[in-house]
file structure_7.pdb (PDB, C-alpha atoms)
ATOM      1  CA  MET A   1      12.603  91.443  39.015
ATOM      2  CA  LEU A   2       9.633  92.417  36.840
ATOM      3  CA  PHE A   3       8.109  88.964  36.206
ATOM      4  CA  GLU A   4       8.748  85.730  38.093
ATOM      5  CA  VAL A   5       7.320  82.310  37.259
ATOM      6  CA  LYS A   6       7.865  79.536  39.801
ATOM      7  CA  ARG A   7       6.913  75.938  39.051
ATOM      8  CA  LEU A   8       3.958  76.868  36.845
ATOM      9  CA  SER A   9       2.036  73.775  35.709
ATOM     10  CA  GLY A  10      -1.479  72.676  34.896
ATOM     11  CA  PRO A  11      -3.648  70.718  32.480
ATOM     12  CA  ASN A  12      -1.608  70.587  29.251
ATOM     13  CA  VAL A  13       0.984  72.943  30.785
ATOM     14  CA  PRO A  14       4.394  71.299  31.410
ATOM     15  CA  PRO A  15       6.252  72.636  34.487
ATOM     16  CA  VAL A  16       8.137  75.882  33.783
ATOM     17  CA  SER A  17      10.083  78.451  35.826
ATOM     18  CA  PHE A  18      11.780  81.652  34.626
ATOM     19  CA  THR A  19      12.275  85.333  35.414
ATOM     20  CA  LEU A  20      12.139  88.458  33.245
ATOM     21  CA  ALA A  21      13.702  91.850  33.857
ATOM     22  CA  PRO A  22      12.456  95.062  32.209
ATOM     23  CA  GLY A  23      13.212  94.976  28.484
ATOM     24  CA  ASP A  24      13.644  91.180  28.375
ATOM     25  CA  VAL A  25      12.283  89.012  25.584
ATOM     26  CA  LEU A  26      11.980  85.276  26.225
ATOM     27  CA  PRO A  27      11.433  83.398  22.958
ATOM     28  CA  VAL A  28       9.585  80.086  23.365
ATOM     29  CA  ARG A  29       9.739  77.129  21.048
ATOM     30  CA  GLY A  30       8.625  73.511  21.066
ATOM     31  CA  GLU A  31       6.645  71.025  19.027
ATOM     32  CA  SER A  32       3.011  71.729  18.187
ATOM     33  CA  GLY A  33       0.630  70.526  20.880
ATOM     34  CA  VAL A  34       3.244  70.488  23.648
ATOM     35  CA  GLY A  35       1.468  73.174  25.675
ATOM     36  CA  LYS A  36       3.073  76.492  24.702
ATOM     37  CA  SER A  37      -0.212  78.316  24.116
ATOM     38  CA  GLN A  38      -1.715  76.818  27.262
ATOM     39  CA  MET A  39       1.295  78.098  29.186
ATOM     40  CA  LEU A  40       0.544  81.644  27.990
ATOM     41  CA  ARG A  41      -3.095  81.269  29.017
ATOM     42  CA  ALA A  42      -2.012  80.189  32.511
ATOM     43  CA  LEU A  43       0.384  83.148  32.752
ATOM     44  CA  ALA A  44      -2.556  85.414  31.844
ATOM     45  CA  ASP A  45      -4.713  83.698  34.505
ATOM     46  CA  LEU A  46      -7.108  82.408  31.868
ATOM     47  CA  SER A  47      -6.875  78.698  32.703
ATOM     48  CA  PRO A  48      -6.461  76.571  35.864
ATOM     49  CA  HIS A  49      -2.869  76.098  37.011
ATOM     50  CA  GLU A  50      -0.562  75.586  39.955
ATOM     51  CA  GLY A  51       2.637  77.369  40.925
ATOM     52  CA  GLU A  52       3.342  81.050  41.413
ATOM     53  CA  VAL A  53       3.420  83.996  39.017
ATOM     54  CA  TRP A  54       4.613  87.385  40.285
ATOM     55  CA  LEU A  55       4.512  90.835  38.685
ATOM     56  CA  ASN A  56       6.570  93.561  40.344
ATOM     57  CA  GLY A  57       6.359  91.728  43.660
ATOM     58  CA  SER A  58       2.590  91.113  43.482
ATOM     59  CA  GLU A  59       1.363  87.529  43.197
ATOM     60  CA  GLN A  60      -1.116  86.742  40.430
ATOM     61  CA  HIS A  61      -3.942  85.670  42.726
ATOM     62  CA  SER A  62      -3.592  88.736  44.939
ATOM     63  CA  MET A  63      -5.310  90.993  42.395
ATOM     64  CA  PRO A  64      -8.536  90.761  40.355
ATOM     65  CA  ALA A  65      -8.089  88.785  37.138
ATOM     66  CA  THR A  66      -9.181  91.744  35.005
ATOM     67  CA  ASP A  67      -6.481  93.955  36.556
ATOM     68  CA  TRP A  68      -3.862  91.241  36.047
ATOM     69  CA  ARG A  69      -4.783  90.790  32.370
ATOM     70  CA  ARG A  70      -4.421  94.498  31.678
ATOM     71  CA  GLN A  71      -0.858  94.338  32.976
ATOM     72  CA  VAL A  72      -0.022  90.857  31.646
ATOM     73  CA  ALA A  73      -1.623  90.991  28.204
ATOM     74  CA  LEU A  74      -2.134  87.927  26.021
ATOM     75  CA  VAL A  75      -2.115  88.213  22.230
ATOM     76  CA  PRO A  76      -3.396  84.778  21.104
ATOM     77  CA  ALA A  77      -2.684  83.231  17.731
ATOM     78  CA  GLU A  78      -6.333  83.768  16.795
ATOM     79  CA  SER A  79      -7.650  87.006  18.247
ATOM     80  CA  GLY A  80     -11.202  87.405  19.487
ATOM     81  CA  TRP A  81     -13.439  90.240  18.253
ATOM     82  CA  TRP A  82     -16.685  90.921  20.114
ATOM     83  CA  ALA A  83     -17.997  94.126  18.499
ATOM     84  CA  ASP A  84     -18.888  95.080  14.915
ATOM     85  CA  THR A  85     -16.166  97.613  14.116
ATOM     86  CA  VAL A  86     -12.459  97.927  14.876
ATOM     87  CA  ASP A  87     -12.694 101.158  16.904
ATOM     88  CA  GLN A  88     -15.123  99.591  19.391
ATOM     89  CA  HIS A  89     -12.308  97.324  20.633
ATOM     90  CA  PHE A  90      -9.973 100.149  21.720
ATOM     91  CA  PRO A  91     -10.118 102.553  24.684
ATOM     92  CA  ALA A  92      -8.636 105.215  22.357
ATOM     93  CA  ARG A  93      -7.034 105.335  18.943
ATOM     94  CA  PRO A  94      -3.403 104.135  19.086
ATOM     95  CA  PRO A  95      -0.644 106.633  18.258
ATOM     96  CA  ALA A  96      -0.330 107.418  14.552
ATOM     97  CA  SER A  97       3.272 106.187  14.625
ATOM     98  CA  TRP A  98       2.144 102.697  15.728
ATOM     99  CA  TRP A  99      -0.528 102.674  13.052
ATOM    100  CA  SER A 100       1.892 103.625  10.285
ATOM    101  CA  ARG A 101       4.657 101.265  11.388
ATOM    102  CA  LEU A 102       2.266  98.349  10.967
ATOM    103  CA  LYS A 103       1.182  99.686   7.553
ATOM    104  CA  LEU A 104      -2.482  99.856   8.510
ATOM    105  CA  ARG A 105      -4.811 101.984   6.383
ATOM    106  CA  ASP A 106      -6.553 104.858   8.191
ATOM    107  CA  THR A 107      -9.922 103.599   6.954
ATOM    108  CA  LEU A 108      -9.503 100.405   8.998
ATOM    109  CA  TRP A 109     -10.201 102.298  12.230
ATOM    110  CA  ALA A 110     -13.970 102.322  11.623
ATOM    111  CA  SER A 111     -14.016  99.251   9.401
ATOM    112  CA  PRO A 112     -16.290  96.265  10.105
ATOM    113  CA  VAL A 113     -14.279  93.466  11.675
ATOM    114  CA  GLU A 114     -15.708  90.947   9.210
ATOM    115  CA  ARG A 115     -13.878  92.721   6.363
ATOM    116  CA  LEU A 116     -10.429  92.437   7.940
ATOM    117  CA  SER A 117      -7.844  90.086   6.486
ATOM    118  CA  SER A 118      -6.097  87.631   8.817
ATOM    119  CA  GLY A 119      -2.954  89.772   8.724
ATOM    120  CA  GLU A 120      -4.895  92.935   9.568
ATOM    121  CA  ARG A 121      -6.567  91.180  12.493
ATOM    122  CA  GLN A 122      -3.198  90.041  13.751
ATOM    123  CA  ARG A 123      -1.638  93.502  13.593
ATOM    124  CA  LEU A 124      -4.692  95.158  15.150
ATOM    125  CA  ALA A 125      -4.755  92.587  17.960
ATOM    126  CA  VAL A 126      -1.201  93.590  18.869
ATOM    127  CA  LEU A 127      -2.158  97.286  18.847
ATOM    128  CA  ARG A 128      -5.175  96.462  21.013
ATOM    129  CA  ALA A 129      -2.863  94.851  23.583
ATOM    130  CA  LEU A 130      -0.335  97.703  23.478
ATOM    131  CA  ALA A 131      -3.145 100.214  24.064
ATOM    132  CA  LEU A 132      -3.542  98.696  27.552
ATOM    133  CA  GLU A 133       0.079  99.702  28.321
ATOM    134  CA  PRO A 134       0.922  96.244  29.741
ATOM    135  CA  ARG A 135       4.067  95.473  31.711
ATOM    136  CA  VAL A 136       4.300  91.965  30.215
ATOM    137  CA  LEU A 137       3.230  90.833  26.733
ATOM    138  CA  LEU A 138       2.372  87.176  26.089
ATOM    139  CA  LEU A 139       2.757  86.746  22.327
ATOM    140  CA  ASP A 140       1.542  83.615  20.549
ATOM    141  CA  GLU A 141       3.243  83.710  17.132
ATOM    142  CA  PRO A 142       2.380  87.374  16.471
ATOM    143  CA  THR A 143       4.075  87.403  13.048
ATOM    144  CA  ALA A 144       2.854  84.010  11.766
ATOM    145  CA  ASN A 145       0.414  85.341   9.143
ATOM    146  CA  LEU A 146       2.523  88.288   8.010
ATOM    147  CA  ASP A 147       4.866  88.795   5.068
ATOM    148  CA  ARG A 148       8.488  89.620   5.822
ATOM    149  CA  ASP A 149       8.121  93.409   5.721
ATOM    150  CA  ASN A 150       5.091  93.412   8.007
ATOM    151  CA  ALA A 151       6.694  90.854  10.329
ATOM    152  CA  GLU A 152       9.778  93.052  10.678
ATOM    153  CA  GLY A 153       7.589  96.105  11.307
ATOM    154  CA  MET A 154       5.667  94.229  13.980
ATOM    155  CA  ALA A 155       8.835  92.990  15.682
ATOM    156  CA  GLY A 156      10.377  96.460  15.615
ATOM    157  CA  LEU A 157       7.319  98.075  17.183
ATOM    158  CA  LEU A 158       7.109  95.437  19.916
ATOM    159  CA  LEU A 159      10.800  95.652  20.779
ATOM    160  CA  ASP A 160      10.682  99.461  20.886
ATOM    161  CA  TYR A 161       7.657  99.296  23.187
ATOM    162  CA  LEU A 162       9.452  96.914  25.562
ATOM    163  CA  ARG A 163      12.525  99.139  25.672
ATOM    164  CA  ASP A 164      10.660 102.428  26.016
ATOM    165  CA  GLN A 165       8.187 101.186  28.647
ATOM    166  CA  GLY A 166      10.510  98.898  30.593
ATOM    167  CA  ALA A 167       8.177  96.006  29.799
ATOM    168  CA  ALA A 168       8.978  92.360  28.988
ATOM    169  CA  ALA A 169       7.631  89.664  26.664
ATOM    170  CA  VAL A 170       7.186  85.904  26.410
ATOM    171  CA  TRP A 171       7.209  85.252  22.650
ATOM    172  CA  ILE A 172       6.218  81.947  21.013
ATOM    173  CA  SER A 173       7.836  81.498  17.618
ATOM    174  CA  HIS A 174       8.641  78.661  15.211
ATOM    175  CA  ASP A 175      11.118  80.864  13.308
ATOM    176  CA  PRO A 176      14.694  80.199  14.540
ATOM    177  CA  GLY A 177      15.853  83.524  13.092
ATOM    178  CA  GLU A 178      13.218  85.379  15.052
ATOM    179  CA  ILE A 179      14.318  83.642  18.236
ATOM    180  CA  ALA A 180      17.976  84.469  17.597
ATOM    181  CA  ASP A 181      17.188  88.116  16.884
ATOM    182  CA  HIS A 182      14.999  88.789  19.918
ATOM    183  CA  GLY A 183      16.705  87.174  22.865
ATOM    184  CA  ASP A 184      20.017  85.771  24.111
ATOM    185  CA  ARG A 185      18.177  82.912  25.812
ATOM    186  CA  TRP A 186      15.056  80.932  25.018
ATOM    187  CA  LEU A 187      12.638  78.525  26.642
ATOM    188  CA  GLU A 188      12.213  75.110  25.048
ATOM    189  CA  VAL A 189       8.929  73.501  26.087
ATOM    190  CA  THR A 190       8.715  69.696  26.084
ATOM    191  CA  PRO A 191       6.129  67.322  27.596
ATOM    192  CA  GLU A 192       8.468  66.964  30.588
ATOM    193  CA  GLY A 193       8.779  70.717  31.208
ATOM    194  CA  GLY A 194      10.449  73.912  30.132
ATOM    195  CA  VAL A 195      14.234  74.141  29.717
ATOM    196  CA  LEU A 196      16.060  77.476  29.473
ATOM    197  CA  HIS A 197      18.878  77.709  26.921
ATOM    198  CA  GLY A 198      21.437  80.458  26.385
ATOM    199  CA  SER A 199      22.572  83.128  28.831
ATOM    200  CA  VAL A 200      20.781  83.060  32.153
TER     201      VAL A 200
END
call {"tool": "encode", "arguments": {"input": "structure_7.pdb", "output": "structure tokens"}}
result
Amino acid sequence: MLFEVKRLSGPNVPPVSFTLAPGDVLPVRGESGVGKSQMLRALADLSPHEGEVWLNGSEQHSMPATDWRRQVALVPAESGWWADTVDQHFPARPPASWWSRLKLRDTLWASPVERLSSGERQRLAVLRALALEPRVLLLDEPTANLDRDNAEGMAGLLLDYLRDQGAAAVWISHDPGEIADHGDRWLEVTPEGGVLHGSV
């Protein structure tokens, strides 16, 4: 199994357990404020938590946090930008095919971050995560600020990446259609804990 979560819990994180095989997408839904984003932060080892999280047979706390976060990459709803220009946030320029599929202008590569729209930031944050070649993507509403065409382009790129790389994703979404399209099961998060629905 690629990714195993056993009794994960913590401050503002209801108890959850699930497993992901290569290529799996686990959509996550639940009311605002129930702890979905905090769950992703715990999975990325960015906040205190209890329980076990395993990647390819290695337990989360058995490796340095920086190594874990390169392999289990979080794309938050609001991405952080710490340098002046876009290119300073990437180890190398992403493939041209990724760039074009997200309809990003070539001039954005060296553009000041302060000039980016919210949708451009969102698409670039996903590319920044993919550039790390993670085994697991933790996606916090990655299409929320995008129009339909860009949202479909984003989803297509992510799903192709998961299939081609044998990776998996935990995907928070408030769009029922998106959940239906991207997984045959989903995780419903409530204050009492996470409940898996669909095929197991």
call {"tool": "atom_distance", "arguments": {"input": "structure_7.pdb", "atom1": "atom CA of Gly166 of chain A", "atom2": "atom CA of Glu133 of chain A"}}
result
10.7 Å
call {"tool": "resolve_selection", "arguments": {"input": "structure_7.pdb", "expression": "the PyMOL selection byres ((chain A and resi 22) around 6)", "output": "PyMOL selection string"}}
result
chain A and resi 21+23-24+166-168
call {"tool": "closest_atom_pairs", "arguments": {"input": "structure_7.pdb", "of": "segment 37-79 of chain A", "to": "segment 124-127 of chain A", "cutoff": "12 Å", "atoms": "only C-alpha atoms", "output": "JSON lines"}}
result
{"residue": "A:Ala73", "atom": "CA", "partner": "A:Val126", "partner_atom": "CA", "distance": 9.7}
{"residue": "A:Leu74", "atom": "CA", "partner": "A:Val126", "partner_atom": "CA", "distance": 9.2}
{"residue": "A:Val75", "atom": "CA", "partner": "A:Val126", "partner_atom": "CA", "distance": 6.4}
{"residue": "A:Pro76", "atom": "CA", "partner": "A:Ala125", "partner_atom": "CA", "distance": 8.5}
{"residue": "A:Ala77", "atom": "CA", "partner": "A:Ala125", "partner_atom": "CA", "distance": 9.6}
{"residue": "A:Glu78", "atom": "CA", "partner": "A:Ala125", "partner_atom": "CA", "distance": 9.0}
{"residue": "A:Ser79", "atom": "CA", "partner": "A:Ala125", "partner_atom": "CA", "distance": 6.3}
call {"tool": "resolve_selection", "arguments": {"input": "structure_7.pdb", "expression": "the PyMOL selection byres ((chain A and resi 51-56) around 12)", "output": "tab-separated table (two decimals) with C-alpha atoms, in the coordinates of the input"}}
result
chain	number	residue	atom	x	y	z
A	1	MET	CA	12.60	91.44	39.02
A	2	LEU	CA	9.63	92.42	36.84
A	3	PHE	CA	8.11	88.96	36.21
A	4	GLU	CA	8.75	85.73	38.09
A	5	VAL	CA	7.32	82.31	37.26
A	6	LYS	CA	7.86	79.54	39.80
A	7	ARG	CA	6.91	75.94	39.05
A	8	LEU	CA	3.96	76.87	36.84
A	9	SER	CA	2.04	73.78	35.71
A	10	GLY	CA	-1.48	72.68	34.90
A	13	VAL	CA	0.98	72.94	30.78
A	14	PRO	CA	4.39	71.30	31.41
A	15	PRO	CA	6.25	72.64	34.49
A	16	VAL	CA	8.14	75.88	33.78
A	17	SER	CA	10.08	78.45	35.83
A	18	PHE	CA	11.78	81.65	34.63
A	19	THR	CA	12.28	85.33	35.41
A	20	LEU	CA	12.14	88.46	33.24
A	21	ALA	CA	13.70	91.85	33.86
A	22	PRO	CA	12.46	95.06	32.21
A	39	MET	CA	1.30	78.10	29.19
A	40	LEU	CA	0.54	81.64	27.99
A	42	ALA	CA	-2.01	80.19	32.51
A	43	LEU	CA	0.38	83.15	32.75
A	44	ALA	CA	-2.56	85.41	31.84
A	45	ASP	CA	-4.71	83.70	34.51
A	48	PRO	CA	-6.46	76.57	35.86
A	49	HIS	CA	-2.87	76.10	37.01
A	50	GLU	CA	-0.56	75.59	39.96
A	57	GLY	CA	6.36	91.73	43.66
A	58	SER	CA	2.59	91.11	43.48
A	59	GLU	CA	1.36	87.53	43.20
A	60	GLN	CA	-1.12	86.74	40.43
A	61	HIS	CA	-3.94	85.67	42.73
A	62	SER	CA	-3.59	88.74	44.94
A	63	MET	CA	-5.31	90.99	42.40
A	67	ASP	CA	-6.48	93.96	36.56
A	68	TRP	CA	-3.86	91.24	36.05
A	69	ARG	CA	-4.78	90.79	32.37
A	70	ARG	CA	-4.42	94.50	31.68
A	71	GLN	CA	-0.86	94.34	32.98
A	72	VAL	CA	-0.02	90.86	31.65
A	134	PRO	CA	0.92	96.24	29.74
A	135	ARG	CA	4.07	95.47	31.71
A	136	VAL	CA	4.30	91.96	30.22
A	166	GLY	CA	10.51	98.90	30.59
A	167	ALA	CA	8.18	96.01	29.80
A	168	ALA	CA	8.98	92.36	28.99
call {"tool": "closest_residue", "arguments": {"input": "structure_7.pdb", "among": "A:Met154, A:Val86, A:Leu138, A:Val195", "to": "Val25 of chain A", "atoms": "only C-alpha atoms"}}
result
A:Leu138
call {"tool": "atom_distance", "arguments": {"input": "structure_7.pdb", "atom1": "atom CA of Arg41 of chain A", "atom2": "atom CA of Val189 of chain A"}}
result
14.6 Å
call {"tool": "resolve_selection", "arguments": {"input": "structure_7.pdb", "expression": "the PyMOL selection byres ((chain A and resi 83) around 12)", "output": "list in words"}}
result
Gly80, Trp81, Trp82, Asp84, Thr85, Val86, Asp87, Gln88, His89, Phe90, Ala110, Ser111, Pro112, Val113 and Glu114 of chain A
call {"tool": "atom_distance", "arguments": {"input": "structure_7.pdb", "atom1": "atom CA of Arg128 of chain A", "atom2": "atom CA of Pro94 of chain A"}}
result
8.1 Å
call {"tool": "closest_residue", "arguments": {"input": "structure_7.pdb", "among": "A:Leu46, A:Ile172, A:Leu26, A:Leu104", "to": "Gly119 of chain A", "atoms": "all atoms listed in the file"}}
result
A:Leu104
call {"tool": "build_atoms", "arguments": {"input": "structure_7.pdb", "residues": "segment 162-173 of chain A", "atoms": "all heavy atoms", "output": "compact mmCIF listing (two decimals), in the coordinates of the input"}}
result
# COMPACT_ATOMS: atom_id res chain seq x y z
N LEU A 162 8.85 97.53 24.38
CA LEU A 162 9.45 96.91 25.56
C LEU A 162 10.57 97.78 26.11
O LEU A 162 10.67 97.98 27.34
CB LEU A 162 9.99 95.52 25.20
CG LEU A 162 8.96 94.49 24.72
CD1 LEU A 162 9.67 93.19 24.36
CD2 LEU A 162 7.87 94.26 25.75
N ARG A 163 11.40 98.30 25.23
CA ARG A 163 12.52 99.14 25.67
C ARG A 163 12.03 100.45 26.27
O ARG A 163 12.45 100.86 27.35
CB ARG A 163 13.45 99.42 24.49
CG ARG A 163 14.70 100.23 24.88
CD ARG A 163 15.45 100.74 23.68
NE ARG A 163 14.64 101.69 22.92
CZ ARG A 163 14.27 101.52 21.66
NH1 ARG A 163 14.62 100.43 21.00
NH2 ARG A 163 13.55 102.45 21.04
N ASP A 164 11.11 101.10 25.58
CA ASP A 164 10.66 102.43 26.02
C ASP A 164 9.85 102.37 27.31
O ASP A 164 9.90 103.30 28.12
CB ASP A 164 9.82 103.09 24.92
CG ASP A 164 10.62 103.39 23.67
OD1 ASP A 164 11.87 103.37 23.74
OD2 ASP A 164 10.00 103.63 22.61
N GLN A 165 9.08 101.29 27.49
CA GLN A 165 8.19 101.19 28.65
C GLN A 165 8.78 100.35 29.78
O GLN A 165 8.14 100.21 30.83
CB GLN A 165 6.84 100.58 28.21
CG GLN A 165 6.11 101.38 27.17
CD GLN A 165 5.75 102.77 27.65
OE1 GLN A 165 5.36 102.95 28.79
NE2 GLN A 165 5.89 103.76 26.77
N GLY A 166 9.96 99.78 29.57
CA GLY A 166 10.51 98.90 30.59
C GLY A 166 9.65 97.67 30.82
O GLY A 166 9.54 97.16 31.93
N ALA A 167 9.04 97.19 29.73
CA ALA A 167 8.18 96.01 29.80
C ALA A 167 8.98 94.77 29.37
O ALA A 167 10.16 94.86 29.02
CB ALA A 167 6.95 96.21 28.90
N ALA A 168 8.33 93.61 29.37
CA ALA A 168 8.98 92.36 28.99
C ALA A 168 7.98 91.53 28.19
O ALA A 168 6.78 91.81 28.17
CB ALA A 168 9.45 91.59 30.22
N ALA A 169 8.50 90.49 27.51
CA ALA A 169 7.63 89.66 26.66
C ALA A 169 8.04 88.20 26.71
O ALA A 169 9.23 87.87 26.82
CB ALA A 169 7.67 90.15 25.21
N VAL A 170 7.02 87.34 26.65
CA VAL A 170 7.19 85.90 26.41
C VAL A 170 6.64 85.68 25.01
O VAL A 170 5.47 85.95 24.74
CB VAL A 170 6.41 85.06 27.44
CG1 VAL A 170 6.67 83.58 27.20
CG2 VAL A 170 6.81 85.46 28.86
N TRP A 171 7.49 85.18 24.09
CA TRP A 171 7.21 85.25 22.65
C TRP A 171 7.32 83.86 22.03
O TRP A 171 8.42 83.34 21.86
CB TRP A 171 8.21 86.20 22.01
CG TRP A 171 8.02 86.58 20.59
CD1 TRP A 171 7.62 85.79 19.56
CD2 TRP A 171 8.27 87.88 20.02
NE1 TRP A 171 7.60 86.50 18.39
CE2 TRP A 171 7.99 87.78 18.65
CE3 TRP A 171 8.71 89.09 20.55
CZ2 TRP A 171 8.14 88.88 17.79
CZ3 TRP A 171 8.86 90.16 19.71
CH2 TRP A 171 8.57 90.05 18.34
N ILE A 172 6.20 83.24 21.69
CA ILE A 172 6.22 81.95 21.01
C ILE A 172 6.52 82.16 19.54
O ILE A 172 5.91 83.00 18.88
CB ILE A 172 4.87 81.22 21.16
CG1 ILE A 172 4.62 80.84 22.63
CG2 ILE A 172 4.83 79.96 20.29
CD1 ILE A 172 3.26 80.20 22.87
N SER A 173 7.48 81.39 19.03
CA SER A 173 7.84 81.50 17.62
C SER A 173 8.38 80.17 17.13
O SER A 173 9.06 79.45 17.85
CB SER A 173 8.89 82.59 17.40
OG SER A 173 9.31 82.62 16.06
